[in-house]
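Since the structure comes first, as structure tokens, the remarks are kept for the end.
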Amino acid sequence: SVLWLLATYWMPLGAGHAFITNLVFVALVVALILGFFYLLEHYYPRLLHWALANKKKFLALPGFLFLWGALIWLGFNAMFGFIASGFDAIGLNIRATKPWAAMAHTFPGIGKEFMPALDEGSFLLMPTSMPHAGISQNKRVVQQLDMLLANIPEVELAVGKMGRVESALDPAPISMYENIINYKPEYLVNEKGHRERFRVDDQNRFFLISGDTLTNEEAIMRDITALDLVPDASGKYFRNWRDTIQSPDDIWNEIVGIAKLPGVTSAPKLQPIETRLVMLQTGMRAPMGIKVYGPDLRTIEAFGMELENILKKVPSVKKEAVFADRIVGKPYLHLNIDRDAIGRFGLNIEDVQRVIETAIGGMTITTTVEGRERFPVRVRYPRELRTDPDELKKIYMPTPTGAQVPLGELVHFEYVRGPQVIKSEDTFLVGYVLLDKKSGYAEVDVVEKAQQFIQDKIDSSELVVPAGISYKFSGSYENQIRAEKRLSIVVPLVLLIIFIILYFQFRSVTTSLMIFSGIALAFCGGFLMLWLYGQEWFANFALFGVNLRELFQMHPINLSVAVWVGFIALFGIATDNGVLIGTYLDQSFARNKPASIDDIRNSVVEAGNRRIKPALMTTATTIIALLPVLTSTGRGADIMIPMAIPSFGGMVIAGVSYFLVPVLYAMREERKLEAGG
């Protein structure tokens, strides 16, 4: 019944495979796990006898695991960089040797980020046009983008807009677009959000209400909906995505491909809620970027352009997503009053400015009161008489003598380039250089490499920072820096609390440390699983036509708050097995006083053999329970999977503690016996 439930609700191979296939897969996985633990239980006494007789050889295994976990976490260069520095002192560069380079490439260290990106079921495309583009041009581009995006079969809705209202809250120029793109779920769902089955023929072609039959791909291209299909409880699920689309990333690549329009910049991969949070925190419309502060906008723009060219050369930065603000470039119409000309007609500056203000900008002449609301009444020229400089020149200016003089004789009209938007922070003018990371890289690592790359350019005088200019990196990675500071307090505090609880249980520091060794092993196991997830060769084979790497969504996992939460949960679970065995060892040795080393070892084996079954049950049930989480694809899976990976890997490696705790316990008791004569 458990297998039946797992196959029904877990459905690991996906809705595209038959129920029987899913059931056989679940049975095979559970059989492998339980079979392994059954063999471990059967041979446990023999293995423990060998470990007790060969303590040094056995302890080399957990020692190797500790070293392996540290290498994965910190990286080869961070752990053994002092050796290379020593050779540098005598003029030898061992970093360039093949063995060193291979180890540094294999163990670069785990990348860091704040949180994995949540799948919101939608994207936010935020490209920009050039500052000099007018309203009609921007309006036409937004319409083109909407039509192009709506033609993607996987896109359900695409709505774009340009700019935002000119308020103090969140203004934006008309050259900034926002296209919200909702894409369809992978499979057709009903009103409750559950996948729905539809009738198919022997060739897996879907029946339509009209009587026709279509393949899944043909139905997608014809924009077939649930109303056109025939529901059937024993039928097949209808997939909304084409065969070439396997993940939301593929949909985004389609979006980027068709959004390449002349005069429109590229945009980083964004989601609506995520983007709002980033913009509230940093003001930038990208996950990361550089804020350039300076005394004037032209200098800020020029330096930002230099940074843009440099960042495009950073290997971990997505070249097409790097974009510096084009601050100065919007055309402004300047009306320069000719003082000599107005003096000849007996006019002054105030008279001319009042006419210009009234005709072009409008002047408030009164206020109308509507209940509790008040509305200003403004007067100005009709739009058709003030949108063209030639028409503005025809505005007549009254003089003290009663003559009417065209404005073109009193004012010089000229176009000048100016800023499209002025941003400031901490009393300084600021401009942004936006960037995004390539897939497979961690946010913090990308920022650190970009910082070092820019600093190298400055040190080599290839980049000169103008006087008064300063810059700093900003973005969501700053959350990771703050979270890391908190976790540096929380994680040690959790470990300390666990140790105190163990001490209250055993009333012995040495016994508590023995049990605590299980946490260290689990810690290494968690990092080992994180590392294996990023190795292309790991689990890269197919079973029942499904690649296991794709099934378990294996890709490089970065250290984030979600991963550390998984480690904290692992710490609590990892001590269970040690407590089970350690408690019975204490009781056994308190009841029986061994008189020789053989007695000690026999007592340890007996205690371990009595407690191995519940320990294995705890580990096996935890591992099996985590499997559906590791293959989940629904909402929240982006957070749950990184949380589950450390627990899964830690529980697998924590099996070594079945032997480590008894061996350490026997070592202590043997030393006591030898010390007592």
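Each chain of the structure tokens is named A, B, ... in the order shown, its residues numbered from 1; ligands are numbered from 1 in display order.
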Please identify which residues in range 385-500 of chain A DSSP calls strand (DSSP E or B) from the backbone, and express them as an mmCIF file with N, CA and C atoms, in the first residue's frame.
```cif
data_model
loop_
_atom_site.group_PDB
_atom_site.id
_atom_site.type_symbol
_atom_site.label_atom_id
_atom_site.label_comp_id
_atom_site.auth_asym_id
_atom_site.auth_seq_id
_atom_site.Cartn_x
_atom_site.Cartn_y
_atom_site.Cartn_z
ATOM 1 N N TYR A 396 2.183 84.732 -30.740
ATOM 2 C CA TYR A 396 2.336 86.195 -30.735
ATOM 3 C C TYR A 396 2.449 86.723 -29.316
ATOM 4 N N MET A 397 3.408 87.658 -29.195
ATOM 5 C CA MET A 397 3.711 88.259 -27.896
ATOM 6 C C MET A 397 3.259 89.718 -27.903
ATOM 7 N N PRO A 398 2.314 90.114 -27.016
ATOM 8 C CA PRO A 398 1.880 91.531 -26.987
ATOM 9 C C PRO A 398 2.975 92.434 -26.406
ATOM 10 N N GLN A 404 1.854 93.051 -31.919
ATOM 11 C CA GLN A 404 1.985 91.612 -31.679
ATOM 12 C C GLN A 404 3.239 91.113 -32.405
ATOM 13 N N VAL A 405 4.199 90.580 -31.625
ATOM 14 C CA VAL A 405 5.479 90.138 -32.181
ATOM 15 C C VAL A 405 5.568 88.623 -32.083
ATOM 16 N N PRO A 406 5.896 87.928 -33.185
ATOM 17 C CA PRO A 406 6.063 86.464 -33.093
ATOM 18 C C PRO A 406 7.166 86.091 -32.110
ATOM 19 N N VAL A 411 12.955 84.831 -29.234
ATOM 20 C CA VAL A 411 13.549 83.664 -28.559
ATOM 21 C C VAL A 411 14.262 82.799 -29.598
ATOM 22 N N HIS A 412 15.446 82.308 -29.228
ATOM 23 C CA HIS A 412 16.191 81.373 -30.073
ATOM 24 C C HIS A 412 15.855 79.943 -29.637
ATOM 25 N N PHE A 413 15.405 79.104 -30.579
ATOM 26 C CA PHE A 413 15.059 77.713 -30.285
ATOM 27 C C PHE A 413 16.247 76.809 -30.643
ATOM 28 N N GLU A 414 16.593 75.886 -29.739
ATOM 29 C CA GLU A 414 17.668 74.934 -30.018
ATOM 30 C C GLU A 414 17.438 73.643 -29.225
ATOM 31 N N TYR A 415 17.927 72.554 -29.795
ATOM 32 C CA TYR A 415 17.868 71.268 -29.115
ATOM 33 C C TYR A 415 19.190 71.016 -28.391
ATOM 34 N N VAL A 416 19.106 70.532 -27.166
ATOM 35 C CA VAL A 416 20.298 70.157 -26.395
ATOM 36 C C VAL A 416 20.069 68.778 -25.786
ATOM 37 N N ARG A 417 21.164 68.050 -25.578
ATOM 38 C CA ARG A 417 21.089 66.722 -24.957
ATOM 39 C C ARG A 417 21.124 66.872 -23.445
ATOM 40 N N GLY A 418 20.214 66.168 -22.794
ATOM 41 C CA GLY A 418 20.148 66.242 -21.342
ATOM 42 C C GLY A 418 19.772 64.896 -20.752
ATOM 43 N N PRO A 419 19.636 64.817 -19.444
ATOM 44 C CA PRO A 419 19.324 63.538 -18.790
ATOM 45 C C PRO A 419 17.864 63.157 -18.958
ATOM 46 N N LYS A 423 18.920 60.459 -10.854
ATOM 47 C CA LYS A 423 18.836 59.650 -9.631
ATOM 48 C C LYS A 423 19.909 60.109 -8.660
ATOM 49 N N SER A 424 19.587 60.020 -7.388
ATOM 50 C CA SER A 424 20.563 60.400 -6.364
ATOM 51 C C SER A 424 20.402 59.498 -5.145
ATOM 52 N N GLU A 425 21.519 59.266 -4.476
ATOM 53 C CA GLU A 425 21.544 58.491 -3.229
ATOM 54 C C GLU A 425 22.582 59.110 -2.306
ATOM 55 N N PHE A 428 24.397 62.170 -3.368
ATOM 56 C CA PHE A 428 25.239 62.100 -4.565
ATOM 57 C C PHE A 428 24.402 61.709 -5.780
ATOM 58 N N LEU A 429 24.761 62.268 -6.933
ATOM 59 C CA LEU A 429 24.180 61.783 -8.179
ATOM 60 C C LEU A 429 24.674 60.364 -8.432
ATOM 61 N N VAL A 430 23.815 59.517 -9.015
ATOM 62 C CA VAL A 430 24.190 58.114 -9.184
ATOM 63 C C VAL A 430 23.696 57.591 -10.530
ATOM 64 N N GLY A 431 24.471 56.693 -11.093
ATOM 65 C CA GLY A 431 24.084 55.965 -12.299
ATOM 66 C C GLY A 431 24.334 54.486 -12.082
ATOM 67 N N TYR A 432 23.605 53.635 -12.806
ATOM 68 C CA TYR A 432 23.689 52.192 -12.600
ATOM 69 C C TYR A 432 24.349 51.502 -13.793
ATOM 70 N N VAL A 433 25.109 50.471 -13.475
ATOM 71 C CA VAL A 433 25.619 49.541 -14.485
ATOM 72 C C VAL A 433 25.051 48.173 -14.130
ATOM 73 N N LEU A 434 24.122 47.681 -14.919
ATOM 74 C CA LEU A 434 23.428 46.431 -14.613
ATOM 75 C C LEU A 434 24.184 45.243 -15.193
ATOM 76 N N LEU A 435 24.125 44.117 -14.503
ATOM 77 C CA LEU A 435 24.754 42.893 -15.000
ATOM 78 C C LEU A 435 24.009 41.686 -14.462
ATOM 79 N N LYS A 437 24.544 37.134 -13.974
ATOM 80 C CA LYS A 437 25.511 36.030 -13.972
ATOM 81 C C LYS A 437 25.117 34.984 -15.008
ATOM 82 N N SER A 470 33.097 57.543 -7.400
ATOM 83 C CA SER A 470 33.239 56.332 -6.578
ATOM 84 C C SER A 470 32.186 55.330 -7.043
ATOM 85 N N TYR A 471 32.417 54.060 -6.751
ATOM 86 C CA TYR A 471 31.470 53.030 -7.180
ATOM 87 C C TYR A 471 31.413 51.926 -6.144
ATOM 88 N N LYS A 472 30.305 51.211 -6.154
ATOM 89 C CA LYS A 472 30.167 50.041 -5.278
ATOM 90 C C LYS A 472 29.202 49.053 -5.927
ATOM 91 N N PHE A 473 29.431 47.771 -5.647
ATOM 92 C CA PHE A 473 28.527 46.733 -6.140
ATOM 93 C C PHE A 473 27.301 46.668 -5.244
ATOM 94 N N SER A 474 26.166 46.408 -5.872
ATOM 95 C CA SER A 474 24.921 46.320 -5.115
ATOM 96 C C SER A 474 24.045 45.253 -5.758
ATOM 97 N N GLY A 475 23.041 44.801 -5.028
ATOM 98 C CA GLY A 475 22.126 43.792 -5.551
ATOM 99 C C GLY A 475 21.682 42.826 -4.483
#
```
Long-range neighbours of range 503-508 of chain A as an MDAnalysis selection string, 9 Å cut-off, only C-alpha atoms, 3 positions minimum in chain: chainID A and resid 498:500 511:513 579 582:583 586
What lies within 12 Å of range 81-86 of chain A using only C-alpha atoms, ignoring chain neighbours under 2 positions off, as a compact mmCIF listing (two decimals) with N, CA and C atoms, in the first residue's frame?
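Everything below was put into out.txt:
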```txt
# COMPACT_ATOMS: atom_id res chain seq x y z
N LEU A 71 37.29 20.17 1.67
CA LEU A 71 37.73 20.55 0.32
C LEU A 71 36.55 21.06 -0.51
N LEU A 74 35.31 24.64 1.22
CA LEU A 74 36.21 25.79 1.14
C LEU A 74 36.92 25.90 -0.20
N GLY A 75 37.17 24.77 -0.86
CA GLY A 75 37.92 24.79 -2.10
C GLY A 75 39.38 24.42 -1.90
N PHE A 76 39.98 23.85 -2.92
CA PHE A 76 41.36 23.39 -2.83
C PHE A 76 42.33 24.55 -2.61
N ASN A 77 42.14 25.63 -3.33
CA ASN A 77 43.05 26.79 -3.20
C ASN A 77 42.97 27.40 -1.81
N ALA A 78 41.78 27.46 -1.25
CA ALA A 78 41.63 28.05 0.09
C ALA A 78 42.29 27.19 1.16
N MET A 79 42.24 25.87 1.01
CA MET A 79 42.80 24.98 2.03
C MET A 79 44.31 24.82 1.90
N ASP A 88 56.02 29.96 -3.93
CA ASP A 88 56.22 31.26 -4.57
C ASP A 88 57.42 31.99 -4.00
N ALA A 89 57.64 31.78 -2.70
CA ALA A 89 58.76 32.47 -2.03
C ALA A 89 60.11 32.02 -2.57
N ILE A 90 60.18 30.78 -3.08
CA ILE A 90 61.45 30.29 -3.62
C ILE A 90 61.46 30.31 -5.15
N GLY A 91 60.43 30.97 -5.72
CA GLY A 91 60.41 31.16 -7.16
C GLY A 91 59.77 30.06 -7.97
N LEU A 92 59.01 29.18 -7.34
CA LEU A 92 58.34 28.10 -8.05
C LEU A 92 56.84 28.33 -8.05
N ASN A 93 56.23 28.27 -9.22
CA ASN A 93 54.78 28.47 -9.36
C ASN A 93 54.12 27.11 -9.59
N ILE A 94 53.68 26.48 -8.50
CA ILE A 94 53.06 25.16 -8.65
C ILE A 94 51.59 25.27 -9.03
N ARG A 95 51.04 26.48 -8.99
CA ARG A 95 49.63 26.64 -9.36
C ARG A 95 49.41 26.32 -10.85
N ALA A 96 50.46 26.47 -11.65
CA ALA A 96 50.34 26.23 -13.09
C ALA A 96 50.52 24.77 -13.46
N THR A 97 50.89 23.93 -12.48
CA THR A 97 51.09 22.52 -12.79
C THR A 97 49.75 21.83 -13.00
N TRP A 100 47.88 20.47 -9.70
CA TRP A 100 47.28 21.56 -8.90
C TRP A 100 46.07 22.14 -9.63
N ALA A 101 46.20 22.39 -10.92
CA ALA A 101 45.09 22.97 -11.68
C ALA A 101 43.89 22.03 -11.70
N MET A 103 43.08 19.75 -9.40
CA MET A 103 42.43 19.75 -8.08
C MET A 103 41.66 21.05 -7.85
N ALA A 104 42.24 22.17 -8.28
CA ALA A 104 41.55 23.45 -8.10
C ALA A 104 40.28 23.51 -8.93
```
Sort by chain and increasing residue number a table of all residues of range 203-305 of chain A within 9 Å of range 153-174 of chain A, each with its closest pair of atoms and their distance in Å to one decimal, counting only C-alpha atoms, and write it as a Markdown table.
```
| residue | atom | partner | partner_atom | distance |
| --- | --- | --- | --- | --- |
| A:Ile220 | CA | A:Pro153 | CA | 6.7 |
| A:Met221 | CA | A:Pro153 | CA | 6.7 |
| A:Asp223 | CA | A:Pro153 | CA | 7.4 |
| A:Asn240 | CA | A:Glu154 | CA | 6.6 |
| A:Trp241 | CA | A:Glu154 | CA | 5.8 |
| A:Arg242 | CA | A:Glu154 | CA | 7.8 |
| A:Ile245 | CA | A:Glu154 | CA | 8.7 |
| A:Ile251 | CA | A:Glu154 | CA | 7.2 |
```
Mind writing the picked residues with N, CA and C atoms as a tab-separated table (two decimals), in the first residue's frame?
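Printed below is out14.tsv as written:
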```
chain	number	residue	atom	x	y	z
A	220	ILE	N	-0.81	21.79	-29.62
A	220	ILE	CA	-0.20	23.00	-29.07
A	220	ILE	C	-0.15	24.10	-30.12
A	221	MET	N	0.27	23.75	-31.33
A	221	MET	CA	0.41	24.74	-32.39
A	221	MET	C	-0.95	25.30	-32.84
A	223	ASP	N	-3.31	25.85	-30.68
A	223	ASP	CA	-3.83	26.53	-29.49
A	223	ASP	C	-5.10	25.85	-28.96
A	240	ASN	N	1.35	21.19	-22.15
A	240	ASN	CA	1.23	22.51	-22.77
A	240	ASN	C	2.51	22.97	-23.45
A	241	TRP	N	3.62	22.32	-23.15
A	241	TRP	CA	4.91	22.75	-23.69
A	241	TRP	C	5.33	21.85	-24.85
A	242	ARG	N	6.03	22.44	-25.81
A	242	ARG	CA	6.57	21.67	-26.91
A	242	ARG	C	7.68	20.73	-26.41
A	245	ILE	N	10.90	22.31	-25.21
A	245	ILE	CA	10.84	23.09	-23.97
A	245	ILE	C	10.77	22.13	-22.79
A	251	ILE	N	11.87	28.51	-21.88
A	251	ILE	CA	10.89	29.54	-22.28
A	251	ILE	C	11.55	30.91	-22.28
```
Interatomic distance, CA of Met651 in chain A to CA of Met529 in chain A (Å, one decimal):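 We find that CA of Met651 in chain A and CA of Met529 in chain A lie 10.4 Å from each other.
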Alpha helix (DSSP H) residues, from DSSP on the backbone, in range 442-632 of chain A, as a ChimeraX atom specification: /A:443-459,477-506,509-533,548-551,561-591,597-630
Nearby residues (only C-alpha atoms) at most 10 Å from Tyr441 in chain A, same-chain spacing under 2 positions excluded, as number ranges by chain: A: 110-113, 316-317, 437-439, 443-446, 556-558
Residue selection dump (C-alpha atoms) as a short mmCIF file (atom, residue, chain, number, x, y, z; two decimals), in the first residue's frame:
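So the final result, stored in part.cif, reads:
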```
data_model
loop_
_atom_site.label_atom_id
_atom_site.label_comp_id
_atom_site.auth_asym_id
_atom_site.auth_seq_id
_atom_site.Cartn_x
_atom_site.Cartn_y
_atom_site.Cartn_z
CA ILE A 110 30.79 25.91 -2.96
CA GLY A 111 29.36 29.12 -4.36
CA LYS A 112 27.18 31.42 -2.27
CA GLU A 113 23.87 33.15 -2.89
CA SER A 316 31.22 34.58 -15.21
CA VAL A 317 29.18 37.61 -16.34
CA LYS A 437 25.51 36.03 -13.97
CA LYS A 438 25.86 33.11 -16.31
CA SER A 439 24.09 29.91 -15.34
CA GLU A 443 26.01 35.52 -7.20
CA VAL A 444 28.63 36.23 -4.54
CA ASP A 445 31.39 34.57 -6.60
CA VAL A 446 30.45 36.59 -9.68
CA PRO A 556 25.21 23.08 -9.27
CA ILE A 557 23.75 24.07 -5.91
CA ASN A 558 25.04 27.17 -4.12
#
```
Nearest residue to Asn577 in chain A from the set A:Phe345, A:Phe538, A:Phe659, A:Tyr477 (distances using only C-alpha atoms): A:Phe659
Quick one: residues within 7 Å of range 302-311 of chain A, only C-alpha atoms counted, chain neighbours fewer than 6 positions away excluded, as a compact mmCIF listing (two decimals) with C-alpha atoms, in the first residue's frame?
```txt
# COMPACT_ATOMS: atom_id res chain seq x y z
CA VAL A 292 28.46 54.89 -9.77
CA VAL A 317 29.18 37.61 -16.34
CA VAL A 322 25.63 44.12 -19.08
CA PHE A 323 24.23 47.59 -19.62
CA ALA A 324 25.25 51.00 -18.27
CA VAL A 433 25.62 49.54 -14.49
CA ALA A 450 34.07 41.22 -11.12
```
CA of Thr364 in chain A to CA of Pro376 in chain A, straight-line distance in Å: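 Between CA of Pro376 in chain A and CA of Thr364 in chain A the gap works out to 6.2 Å.
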